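*Asks:* The structure file run-v6.txt (compact mmCIF, C-alpha atoms) is provided below.
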```txt
# COMPACT_ATOMS: atom_id res chain seq x y z
CA MET A 517 155.27 215.30 157.96
CA SER A 518 153.45 212.06 158.42
CA LYS A 519 153.71 209.18 155.98
CA PHE A 520 150.17 209.57 154.73
CA SER A 521 150.15 213.28 153.99
CA VAL A 522 148.39 214.23 150.77
CA ASN A 523 149.47 216.93 148.40
CA LYS A 524 146.77 219.61 148.32
CA ASP A 525 147.35 220.33 144.65
CA SER A 526 146.67 216.80 143.55
CA VAL A 527 143.46 216.72 145.59
CA LYS A 528 142.31 219.82 143.71
CA LEU A 529 143.08 218.15 140.37
CA VAL A 530 141.10 215.08 141.29
CA ILE A 531 138.13 217.09 142.55
CA ILE A 532 137.93 219.24 139.42
CA LEU A 533 138.18 216.24 137.12
CA ALA A 534 135.56 214.40 139.15
CA CYS A 535 133.22 217.39 139.05
CA ILE A 536 133.44 217.68 135.27
CA ALA A 537 132.90 213.94 134.90
CA LEU A 538 129.89 214.05 137.21
CA VAL A 539 128.25 216.93 135.37
CA SER A 540 128.82 215.34 131.99
CA SER A 541 127.49 211.98 133.09
CA LEU A 542 124.36 213.64 134.52
CA LEU A 543 123.83 215.48 131.24
CA LEU A 544 124.25 212.27 129.26
CA ALA A 545 121.85 210.41 131.54
CA VAL A 546 119.15 213.03 131.00
CA ILE A 547 119.61 213.03 127.22
CA ASN A 548 119.63 209.25 127.16
CA ILE A 549 116.11 209.22 128.63
CA PHE A 550 114.82 211.26 125.70
CA THR A 551 116.69 209.48 122.93
CA GLN A 552 116.22 205.83 123.86
CA VAL A 553 115.41 203.74 120.81
CA ASP A 554 112.91 200.95 121.05
CA GLU A 555 114.64 198.46 118.76
CA GLU A 556 111.82 195.95 118.59
CA ALA A 557 109.16 198.56 117.77
CA LYS A 558 111.44 199.88 115.01
CA LEU A 559 111.90 196.38 113.64
CA ARG A 560 108.18 195.59 113.77
CA GLU A 561 107.47 198.81 111.90
CA ALA A 562 110.01 197.92 109.20
CA ILE A 563 108.46 194.47 108.85
CA GLY A 564 105.01 196.05 108.57
CA GLU A 565 106.26 198.02 105.58
CA ALA A 566 107.80 194.96 103.97
CA TYR A 567 105.06 192.40 104.47
CA SER A 568 101.31 192.90 104.34
CA SER A 569 100.16 190.45 107.01
CA PRO A 570 100.47 191.85 110.55
CA LEU A 571 102.72 190.13 113.09
CA THR A 572 101.47 188.19 116.06
CA GLU A 573 102.95 188.72 119.49
CA GLU A 574 104.58 185.30 119.25
CA VAL A 575 108.37 185.36 119.20
CA ILE A 576 109.85 182.05 118.09
CA ASP A 577 112.56 180.69 120.37
CA PHE A 578 115.68 180.00 118.30
CA SER A 579 118.23 179.68 121.10
CA SER A 580 118.93 176.02 120.25
CA TYR A 581 119.84 176.82 116.64
CA ASP A 582 123.51 176.73 115.53
CA ASN A 583 124.31 179.52 113.08
CA ILE A 584 126.50 179.06 110.02
CA GLU A 585 129.82 180.87 109.98
CA LYS A 586 129.69 184.70 110.04
CA ALA A 587 125.92 184.75 110.17
CA GLU A 588 123.42 185.18 112.94
CA ILE A 589 119.68 185.07 113.50
CA LEU A 590 118.60 188.18 115.41
CA ASN A 591 114.86 187.77 115.64
CA MET A 592 112.08 185.41 114.57
CA PHE A 593 108.42 186.40 114.47
CA ARG A 594 105.28 184.70 113.25
CA ALA A 595 102.83 186.62 111.08
CA GLU A 596 99.08 186.16 111.37
CA ASP A 597 98.86 184.23 108.07
CA GLY A 598 101.37 181.67 109.36
CA ALA A 599 104.43 183.05 107.62
CA VAL A 600 107.68 183.25 109.56
CA VAL A 601 109.54 186.56 109.55
CA ILE A 602 113.25 186.26 110.25
CA LEU A 603 115.76 189.04 110.86
CA SER A 604 119.00 187.55 109.65
CA LYS A 605 122.42 189.17 109.89
CA SER A 606 125.64 188.36 108.11
CA THR A 607 129.07 189.85 108.73
CA ASN A 608 130.58 188.24 105.63
CA CYS A 609 130.81 191.63 103.89
CA TYR A 610 132.78 194.88 103.80
CA GLY A 611 130.90 196.83 106.45
CA ALA A 612 131.69 194.06 108.92
CA GLY A 613 131.12 196.31 111.92
CA THR A 614 127.47 196.74 111.04
CA GLY A 615 126.98 193.68 108.87
CA ILE A 616 124.08 193.15 106.53
CA SER A 617 120.70 192.59 108.16
CA LEU A 618 117.89 191.27 106.01
CA ILE A 619 114.24 190.66 106.73
CA VAL A 620 113.38 187.27 105.22
CA VAL A 621 109.74 186.20 105.08
CA ILE A 622 109.12 182.48 104.50
CA LYS A 623 105.64 181.02 104.13
CA GLY A 624 105.22 177.28 103.85
CA ASN A 625 107.82 176.25 101.30
CA ASP A 626 108.25 179.63 99.58
CA ILE A 627 110.52 182.56 100.18
CA VAL A 628 108.01 185.39 100.00
CA GLU A 629 110.02 188.48 100.71
CA VAL A 630 113.67 189.48 101.13
CA VAL A 631 114.18 193.09 102.21
CA SER A 632 117.26 194.97 103.42
CA TYR A 633 116.91 196.18 107.01
CA SER A 634 120.26 197.76 107.90
CA HIS A 635 123.78 197.66 106.52
CA GLY A 636 127.11 199.50 106.44
CA GLU A 637 128.01 198.94 102.80
CA THR A 638 129.48 201.65 100.57
CA PRO A 639 126.76 203.60 98.74
CA GLY A 640 126.88 203.05 94.99
CA LEU A 641 129.11 199.99 95.39
CA GLY A 642 128.18 197.39 98.01
CA THR A 643 124.62 198.68 98.03
CA ASN A 644 124.19 197.33 94.48
CA ALA A 645 123.75 193.92 96.09
CA LEU A 646 121.07 195.27 98.42
CA THR A 647 118.72 196.82 95.86
CA GLU A 648 115.16 195.56 95.63
CA GLU A 649 115.78 194.03 92.19
CA TYR A 650 118.78 192.05 93.33
CA LEU A 651 117.16 190.80 96.54
CA ALA A 652 114.00 189.90 94.62
CA LYS A 653 116.01 187.23 92.77
CA TYR A 654 115.94 185.16 95.95
CA GLU A 655 112.17 185.29 96.05
CA ALA A 656 112.01 182.98 93.04
CA PHE A 657 113.26 180.03 95.12
CA ASN A 658 111.76 177.48 97.47
CA VAL A 659 113.10 176.36 100.79
CA SER A 660 113.93 172.98 99.24
CA ASP A 661 116.27 174.65 96.72
CA PHE A 662 118.70 175.31 99.52
CA VAL A 663 121.09 172.62 100.68
CA ILE A 664 120.89 173.01 104.41
CA ASP A 665 121.87 169.54 105.59
CA GLY A 666 125.12 168.76 107.27
CA THR A 667 126.34 169.79 110.65
CA ASP A 668 129.33 171.85 109.54
CA ALA A 669 129.15 175.60 109.83
CA THR A 670 129.58 176.63 106.19
CA PRO A 671 126.69 177.09 103.79
CA ASN A 672 126.57 174.37 101.17
CA GLY A 673 127.43 176.11 97.94
CA TYR A 674 124.13 177.74 97.19
CA LYS A 675 125.06 179.62 94.01
CA LYS A 676 121.87 180.03 92.08
CA VAL A 677 121.79 183.81 92.44
CA GLU A 678 124.91 185.14 90.80
CA ASN A 679 127.04 187.68 92.62
CA TYR A 680 126.59 191.28 91.57
CA THR A 681 129.68 192.35 89.63
CA GLY A 682 131.73 194.77 91.69
CA ALA A 683 129.88 193.86 94.87
CA THR A 684 131.05 190.27 95.30
CA LYS A 685 131.63 190.48 99.04
CA SER A 686 128.30 192.15 99.71
CA SER A 687 126.57 189.56 97.51
CA ASN A 688 128.21 186.84 99.59
CA GLY A 689 126.89 188.51 102.72
CA VAL A 690 123.37 188.59 101.29
CA ARG A 691 123.62 184.93 100.27
CA ASP A 692 124.84 183.87 103.73
CA ALA A 693 122.10 185.86 105.46
CA VAL A 694 119.38 184.30 103.29
CA THR A 695 120.85 180.79 103.57
CA ASN A 696 121.10 181.07 107.33
CA ALA A 697 117.51 182.31 107.53
CA VAL A 698 116.25 179.38 105.46
CA ARG A 699 118.32 176.94 107.50
CA ALA A 700 116.96 178.35 110.74
CA TYR A 701 113.44 178.16 109.34
CA VAL A 702 113.81 174.51 108.45
CA LYS A 703 115.49 173.53 111.71
CA VAL A 704 113.47 175.59 114.18
CA ALA A 705 110.29 177.14 112.87
CA LYS A 706 108.97 174.21 110.84
CA GLU A 707 109.08 171.89 113.85
CA ASN A 708 107.24 174.39 116.03
CA ALA A 709 104.50 174.94 113.48
CA MET B 800 149.97 228.38 116.87
CA ARG B 801 148.84 230.04 120.11
CA GLN B 802 146.66 233.01 119.40
CA LYS B 803 144.67 235.68 121.20
CA VAL B 804 142.16 237.80 119.34
CA LYS B 805 140.24 240.99 120.02
CA ASP B 806 137.81 241.11 117.11
CA THR B 807 134.84 238.78 117.61
CA LEU B 808 134.04 238.07 113.97
CA GLU B 809 137.61 237.59 112.83
CA PRO B 810 137.89 233.90 113.88
CA LEU B 811 134.73 233.06 111.92
CA THR B 812 136.09 234.04 108.52
CA HIS B 813 139.55 232.78 109.46
CA GLY B 814 138.17 229.34 110.19
CA ILE B 815 136.22 229.06 106.97
CA ILE B 816 138.84 230.20 104.46
CA LYS B 817 142.27 231.05 105.79
CA ASP B 818 142.55 228.26 108.35
CA ASN B 819 140.35 225.76 106.50
CA ALA B 820 140.74 222.62 108.57
CA THR B 821 140.82 220.18 105.67
CA PHE B 822 142.68 221.96 102.89
CA ARG B 823 144.95 224.31 104.83
CA LEU B 824 145.61 222.79 108.25
CA VAL B 825 145.14 219.20 106.99
CA LEU B 826 143.49 218.18 110.27
CA GLY B 827 140.77 215.55 110.70
CA THR B 828 141.88 213.60 107.65
CA CYS B 829 140.46 210.32 108.94
CA PRO B 830 136.76 211.28 108.69
CA THR B 831 137.54 213.34 105.59
CA LEU B 832 138.67 210.29 103.66
CA ALA B 833 136.41 207.68 105.20
CA VAL B 834 133.00 209.32 105.31
CA THR B 835 132.93 211.37 102.12
CA THR B 836 131.59 208.66 99.84
CA SER B 837 128.60 210.90 99.14
CA GLY B 838 127.81 214.58 99.53
CA LEU B 839 125.11 214.07 102.14
CA ASN B 840 127.36 211.91 104.33
CA GLY B 841 130.03 214.58 104.20
CA LEU B 842 127.52 217.28 105.10
CA TYR B 843 126.11 215.40 108.08
CA MET B 844 129.56 214.49 109.37
CA GLY B 845 130.63 218.13 109.05
CA LEU B 846 127.54 219.39 110.84
CA ALA B 847 127.98 216.87 113.66
CA THR B 848 131.59 217.97 114.09
CA THR B 849 130.54 221.63 113.99
CA PHE B 850 128.03 221.09 116.80
CA VAL B 851 130.61 219.34 118.98
CA LEU B 852 133.21 221.97 118.16
CA VAL B 853 130.98 224.93 119.03
CA CYS B 854 129.72 223.42 122.29
CA SER B 855 133.07 222.14 123.50
CA ASN B 856 134.78 225.42 122.60
CA ALA B 857 132.19 227.34 124.59
CA ILE B 858 132.46 225.10 127.66
CA ILE B 859 136.25 224.93 127.61
CA SER B 860 136.49 228.67 127.27
CA LEU B 861 134.08 229.09 130.19
CA LEU B 862 136.16 226.73 132.33
CA ARG B 863 139.54 228.01 131.16
CA LYS B 864 140.35 229.63 134.53
CA ILE B 865 139.18 226.62 136.57
CA ILE B 866 140.89 223.83 134.66
CA PRO B 867 144.40 223.26 136.08
CA ARG B 868 147.15 223.08 133.47
CA LYS B 869 148.30 219.67 134.67
CA VAL B 870 145.03 217.90 133.84
CA ARG B 871 143.86 220.07 130.97
CA ILE B 872 143.98 217.34 128.31
CA PRO B 873 141.74 214.88 130.24
CA CYS B 874 139.35 217.76 130.96
CA TYR B 875 139.15 218.72 127.29
CA ILE B 876 138.62 215.11 126.27
CA LEU B 877 135.84 214.74 128.86
CA VAL B 878 134.00 217.78 127.54
CA ILE B 879 134.45 216.75 123.90
CA ALA B 880 133.40 213.16 124.61
CA THR B 881 130.23 214.34 126.33
CA PHE B 882 129.12 216.33 123.32
CA SER B 883 130.07 213.73 120.74
CA THR B 884 128.09 211.15 122.72
CA ILE B 885 125.11 213.51 122.71
CA VAL B 886 125.39 213.86 118.92
CA GLU B 887 125.60 210.09 118.57
CA MET B 888 122.51 209.48 120.72
CA VAL B 889 120.45 212.16 118.98
CA MET B 890 121.44 210.94 115.51
CA ARG B 891 120.65 207.37 116.46
CA LYS B 892 117.16 208.38 117.46
CA PHE B 893 116.26 210.87 114.75
CA LEU B 894 118.50 210.05 111.74
CA PRO B 895 118.92 206.25 111.88
CA ALA B 896 119.85 205.90 108.21
CA ILE B 897 122.75 208.34 108.50
CA TYR B 898 123.72 206.81 111.84
CA ASP B 899 124.03 203.38 110.24
CA VAL B 900 126.39 204.66 107.55
CA MET B 901 128.61 206.73 109.84
CA GLY B 902 128.30 204.63 113.02
CA LEU B 903 131.92 204.34 114.09
CA PHE B 904 133.07 207.70 112.79
CA LEU B 905 130.57 209.56 114.93
CA SER B 906 132.19 208.22 118.09
CA LEU B 907 135.60 208.93 116.59
CA ILE B 908 134.83 212.68 116.68
CA VAL B 909 136.24 212.46 120.22
CA VAL B 910 139.75 211.92 118.92
CA ASN B 911 139.38 214.23 115.94
CA CYS B 912 142.48 216.40 116.15
CA ILE B 913 140.58 219.52 115.07
CA LEU B 914 138.72 219.58 118.37
CA LEU B 915 141.75 219.14 120.59
CA ALA B 916 143.74 221.61 118.51
CA ARG B 917 141.07 224.28 118.85
CA ALA B 918 140.67 223.61 122.56
CA GLU B 919 144.40 223.79 123.20
CA SER B 920 145.33 226.68 120.92
CA PHE B 921 142.22 228.87 120.93
CA SER B 922 139.38 228.38 123.36
CA SER B 923 141.60 227.84 126.40
CA LEU B 924 143.02 231.35 125.85
CA ASN B 925 140.03 233.36 124.64
CA PRO B 926 136.66 234.47 126.03
CA VAL B 927 133.44 232.64 125.19
CA LEU B 928 132.15 234.61 122.21
CA PRO B 929 135.31 234.50 120.07
CA SER B 930 135.67 230.79 120.95
CA VAL B 931 132.15 230.04 119.75
CA MET B 932 132.83 232.02 116.58
CA ASP B 933 136.06 230.11 116.08
CA GLY B 934 134.26 226.79 116.52
CA LEU B 935 131.57 227.86 114.09
CA GLY B 936 134.12 229.05 111.53
CA ILE B 937 136.33 225.99 111.66
CA GLY B 938 133.28 223.71 111.74
CA LEU B 939 131.62 225.35 108.74
CA GLY B 940 134.89 225.28 106.82
CA PHE B 941 135.21 221.59 107.65
CA SER B 942 131.60 220.88 106.63
CA MET B 943 132.02 222.71 103.34
CA SER B 944 135.21 220.87 102.45
CA LEU B 945 133.67 217.51 103.36
CA THR B 946 130.53 218.22 101.35
CA LEU B 947 132.59 219.35 98.38
CA MET B 948 134.74 216.22 98.52
CA GLY B 949 131.68 214.03 98.92
CA LEU B 950 129.96 215.66 95.96
CA VAL B 951 132.99 215.22 93.69
CA ARG B 952 133.43 211.57 94.68
CA GLU B 953 129.72 210.88 94.40
CA PHE B 954 129.44 212.58 91.01
CA PHE B 955 132.33 210.74 89.38
CA GLY B 956 132.03 207.49 91.32
CA ALA B 957 128.30 206.80 91.47
CA GLY B 958 126.94 209.29 88.92
CA THR B 959 124.64 210.97 91.44
CA PHE B 960 124.35 214.45 92.93
CA PHE B 961 123.11 214.53 96.55
CA GLY B 962 121.50 211.15 95.84
CA LEU B 963 119.76 212.29 92.64
CA VAL B 964 120.73 210.32 89.55
CA VAL B 965 122.61 212.30 86.90
CA PRO B 966 121.59 210.61 83.61
CA PHE B 967 124.63 211.26 81.42
CA MET B 968 127.05 210.11 84.15
CA GLN B 969 125.52 206.66 84.48
CA ASN B 970 127.50 205.15 81.59
CA ILE B 971 130.86 206.70 82.40
CA LYS B 972 130.96 206.54 86.19
CA MET B 973 134.28 205.43 87.70
CA THR B 974 133.96 203.30 90.81
CA ILE B 975 137.49 204.10 91.95
CA PHE B 976 136.36 207.52 93.16
CA ILE B 977 134.27 205.90 95.87
CA LEU B 978 137.08 203.56 96.94
CA PRO B 979 139.76 204.76 99.40
CA ALA B 980 142.31 205.28 96.61
CA GLY B 981 139.94 207.68 94.88
CA GLY B 982 139.47 209.46 98.19
CA PHE B 983 143.17 210.22 98.39
CA MET B 984 143.19 211.34 94.74
CA VAL B 985 140.26 213.72 95.16
CA PHE B 986 141.71 215.00 98.43
CA GLY B 987 145.05 215.84 96.80
CA LEU B 988 143.56 217.41 93.68
CA LEU B 989 141.09 219.53 95.64
CA MET B 990 143.85 220.67 97.98
CA VAL B 991 145.95 221.86 95.02
CA LEU B 992 142.96 223.61 93.48
CA TYR B 993 141.94 225.24 96.76
CA ASN B 994 145.39 226.55 97.52
CA LEU B 995 145.85 227.84 93.96
CA VAL B 996 142.55 229.73 93.89
CA VAL B 997 142.41 230.94 97.48
CA GLY B 998 146.14 231.69 97.50
CA GLU B 999 145.78 233.87 94.40
CA ILE B 1000 142.81 235.73 95.90
CA GLU B 1001 144.63 236.26 99.17
CA LYS B 1002 147.67 237.62 97.32
CA LYS B 1003 145.52 240.10 95.38
CA LEU B 1004 143.78 241.16 98.58
CA HIS B 1005 147.08 241.62 100.35
CA ASP B 1006 148.49 243.72 97.48
CA TYR B 1007 145.38 245.88 97.46
CA LYS B 1008 145.54 246.44 101.22
CA HIS B 1009 149.23 247.25 101.00
CA ARG B 1010 148.70 249.83 98.26
CA LYS B 1011 145.81 251.36 100.15
CA TYR B 1012 147.91 251.60 103.28
CA ILE B 1013 150.76 253.35 101.44
CA ARG B 1014 148.34 255.78 99.86
CA GLU B 1015 146.75 256.60 103.16
CA THR B 1016 149.98 257.10 105.02
CA ASN B 1017 151.64 259.17 102.28
CA PRO B 1018 150.11 262.68 102.11
CA LEU B 1019 152.08 263.60 98.99
CA LEU B 1020 150.57 260.72 97.01
CA GLN B 1021 147.13 261.55 98.34
CA ALA B 1022 147.39 265.21 97.23
CA GLN B 1023 148.52 264.09 93.79
CA GLU B 1024 145.59 261.75 93.48
CA ASP B 1025 143.09 264.37 94.59
CA GLU B 1026 144.46 266.75 92.00
CA GLU B 1027 144.11 264.11 89.31
CA LYS B 1028 140.54 263.44 90.33
CA ALA B 1029 139.61 267.09 90.32
CA ARG B 1030 141.17 267.58 86.92
CA ARG B 1031 139.30 264.61 85.49
CA SER B 1032 135.88 265.63 86.83
CA GLY B 1033 136.55 269.17 85.60
CA ALA B 1034 137.29 267.87 82.11
CA ILE B 1035 134.09 265.86 82.01
CA GLY B 1036 132.14 268.86 83.25
CA GLY B 1037 133.73 270.97 80.50
CA ASP B 1038 132.53 268.62 77.78
CA LYS B 1039 128.98 269.08 78.81
```
Just give me the structure of the file as structure tokens.
*Replies:*
Amino acid sequence: MSKFSVNKDSVKLVIILACIALVSSLLLAVINIFTQVDEEAKLREAIGEAYSSPLTEEVIDFSSYDNIEKAEILNMFRAEDGAVVILSKSTNCYGAGTGISLIVVIKGNDIVEVVSYSHGETPGLGTNALTEEYLAKYEAFNVSDFVIDGTDATPNGYKKVENYTGATKSSNGVRDAVTNAVRAYVKVAKENA
Amino acid sequence: MRQKVKDTLEPLTHGIIKDNATFRLVLGTCPTLAVTTSGLNGLYMGLATTFVLVCSNAIISLLRKIIPRKVRIPCYILVIATFSTIVEMVMRKFLPAIYDVMGLFLSLIVVNCILLARAESFSSLNPVLPSVMDGLGIGLGFSMSLTLMGLVREFFGAGTFFGLVVPFMQNIKMTIFILPAGGFMVFGLLMVLYNLVVGEIEKKLHDYKHRKYIRETNPLLQAQEDEEKARRSGAIGGDK
């Protein structure tokens, strides 16, 4: 027997495993073609439901912006009436895998609309901080009500909307998402306008 | 628990009641506790698992003579992973709201012990049709238990029923039922209840079958009974 002889049985094992893997990957590839999700179209549709003015094709470049801790800007659009629509995500909450994503619409100096886009909070518990009534409390404020100065990564104690009892962590996530959106608006969008 | 069956429909009823995955076999506890914060979530999770279970059982049973024993576990996992990925992709496209809530647990169907247990102990030994029936039975049993648990937790924890607000529960709802601790509580209580009720029914059924069997195999008892019957019908006829 030579040094490089191969056991026939193990070849059979490998071939069968490889065949099954090949077939399953082909199947998945075919199904993937039919179930691809166009994320941006989905987002634009959600924004259309939340805000009356249609979006322009312009996507604001926010790559130079530094996020605050546990928060992230995902997208920035400009609406036809000049408002800036920001998709802001915060992972400072319980469903940290998904995070809380909010659509924040800012026009001039006013926060016009705050709407929940996606989240992984517990229904009946964390979702209390994502109801329309709770989010609408933020719409009473101006951009200048937020303290966004300073180079450190934490939000500067914006506490004017009280946390929802029993959903403290989710409320914090909402606050961080809104604060980060306002901060990004001031630092990026206002200059571009 | 290796089993071979001849009757095609037997595994269906077995899976739903006698071998109920959640309350009898105590398999798949991870999604049971994590996802059942509401009835609808439980239902969708159960249905997703049922789909994967039926498909993977069918394929594994088809391939049972080709798959070598040495690599059977990787083969099973490959088949199961394919179908759970399909479920994930389809749900992501067509049920985004449910997908967002269950996200991680959909992919975790791959390592759900129900699937591997059924592949190893049932579908790798039986032909396609009984395997599909077994998958359907176990899956439906799992879905029903998950929906039931979700409904109980939702009703007491959030005061809703399948998402509809129940007015008189709004003032006395107890948040703990939605939290993990409440999940364990509901799980334990429902398991006790299930085994009490179903155990009692099974005992009665068994007694009845036993008595019937004795009567059928004992000609003396049968003759006695026939006589009794004849006498009774005669008496009634006489009254008229």
*Asks:* What are the residues of chain B lining chain A at 6 Å or less? Count all atoms listed in the file, and put the answer as a list in words.
*Replies:*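 The selection requested is Thr881, Lys892, Val900 and Ala957 of chain B.
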*Asks:* Restricted to C-alpha atoms, what would the selected residues look like written as a JSON list (two decimals), in the coordinates of the input?
*Replies:*
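Below is the file that was written, selection05.json:
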```
[["chain", "number", "residue", "atom", "x", "y", "z"],
["B", 881, "THR", "CA", 130.23, 214.34, 126.33],
["B", 892, "LYS", "CA", 117.16, 208.38, 117.46],
["B", 900, "VAL", "CA", 126.39, 204.66, 107.55],
["B", 957, "ALA", "CA", 128.30, 206.80, 91.47]]
```
*Asks:* Applying 9 Å and only C-alpha atoms, which residues near Tyr650 (chain A) remain after dropping the ones on its own chain fewer than 5 positions away? List them as a list in words.
*Replies:*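 What passes the distance filter is Asn644, Ala645, Val677 and Tyr680 of chain A.
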*Asks:* Please, what distance in Å, to one decimal, runs between CA of Asn856 (chain B) and CA of Thr946 (chain B)?
*Replies:*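 Separation of CA of Asn856 (chain B) and CA of Thr946 (chain B): 22.8 Å.
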*Asks:* Between CA of Leu590 (chain A) and CA of Ile576 (chain A), what is the spacing in Å?
*Replies:*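 Computing it gives 11.0 Å between the two atoms.
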*Asks:* Here is a test: counting only C-alpha atoms, which residue of B:Leu950, B:Ala820, B:Pro926, B:Gly938 is nearest to Ala847 (chain B)?
*Replies:*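 That would be B:Gly938, the residue with the smallest distance to Ala847 (chain B).
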*Asks:* Rank nothing, just name the residue among A:Cys609, A:Val620, A:Val659, A:Ala599 nearest to Ala683 (chain A), using only C-alpha atoms.
*Replies:* A:Cys609
*Asks:* Quick one: residues within 12 Å of Thr807 (chain B), only C-alpha atoms, excluding same-chain residues fewer than 6 positions away - as a ChimeraX atom specification?
*Replies:* /B:813,925-933,935-936
*Asks:* With distances taken over all atoms listed in the file, which residue among B:Pro979, B:Pro810, B:Gly987, B:Gly956 lies nearest Val834 (chain B)?
*Replies:* B:Pro979
*Asks:* If I put a ball of radius 7 Å at (122.9, 186.8, 114.5) in the file's coordinates, which residues poke into it when counting only C-alpha atoms, written as a VMD selection string?
*Replies:* chain A and resid 587 to 590 604 to 605
*Asks:* Of the candidates A:Val600, A:Val631, A:Ile549, A:Ile584, which shows the shortest atom-to-atom distance to Glu565 (chain A), using only C-alpha atoms?
*Replies:* A:Val631
*Asks:* Which residue, A:Thr681, A:Asn625, A:Ser521, A:Thr647, has the smallest gap to Val698 (chain A) when you use all atoms listed in the file?
*Replies:*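 Using all atoms listed in the file, the shortest distance to Val698 (chain A) belongs to A:Asn625.
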*Asks:* Need the shell around Leu852 (chain B): protein/DNA/RNA residues with any atom at most 7 Å away, counting all atoms listed in the file. Skip same-chain ones fewer than 3 positions apart. Format as a PyMOL selection string?
*Replies:* chain B and resi 848-849+855-856+914+934+938
*Asks:* When distances are computed from all atoms listed in the file, which of A:Gly624, A:Gly615, A:Pro570, A:Gly598 shows the smallest separation from Gly689 (chain A)?
*Replies:*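 Once distances to Gly689 (chain A) are computed over all atoms listed in the file, the minimum belongs to A:Gly615.
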*Asks:* Which residues, protein or nucleic acid, reach to within 12 Å of (127.3, 211.1, 88.7) in the file's coordinates when using only C-alpha atoms, and can you give that as a ChimeraX atom specification?
*Replies:* /A:640 /B:837-838,949-974,976-977
*Asks:* Please indicate the distance in Å from CA of Met901 (chain B) to CA of Arg823 (chain B), rounded to one decimal place.
*Replies:*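 One can read the CA of Met901 (chain B) to CA of Arg823 (chain B) distance as 24.5 Å.
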*Asks:* Just want the 12 Å neighbourhood of Met844 (chain B), counted on only C-alpha atoms, with same-chain residues fewer than 3 positions away dropped. Output as a PyMOL selection string.
*Replies:* chain B and resi 827+829-841+847-851+883+886-887+890+897-898+900-908+911+938-939+941-946+949
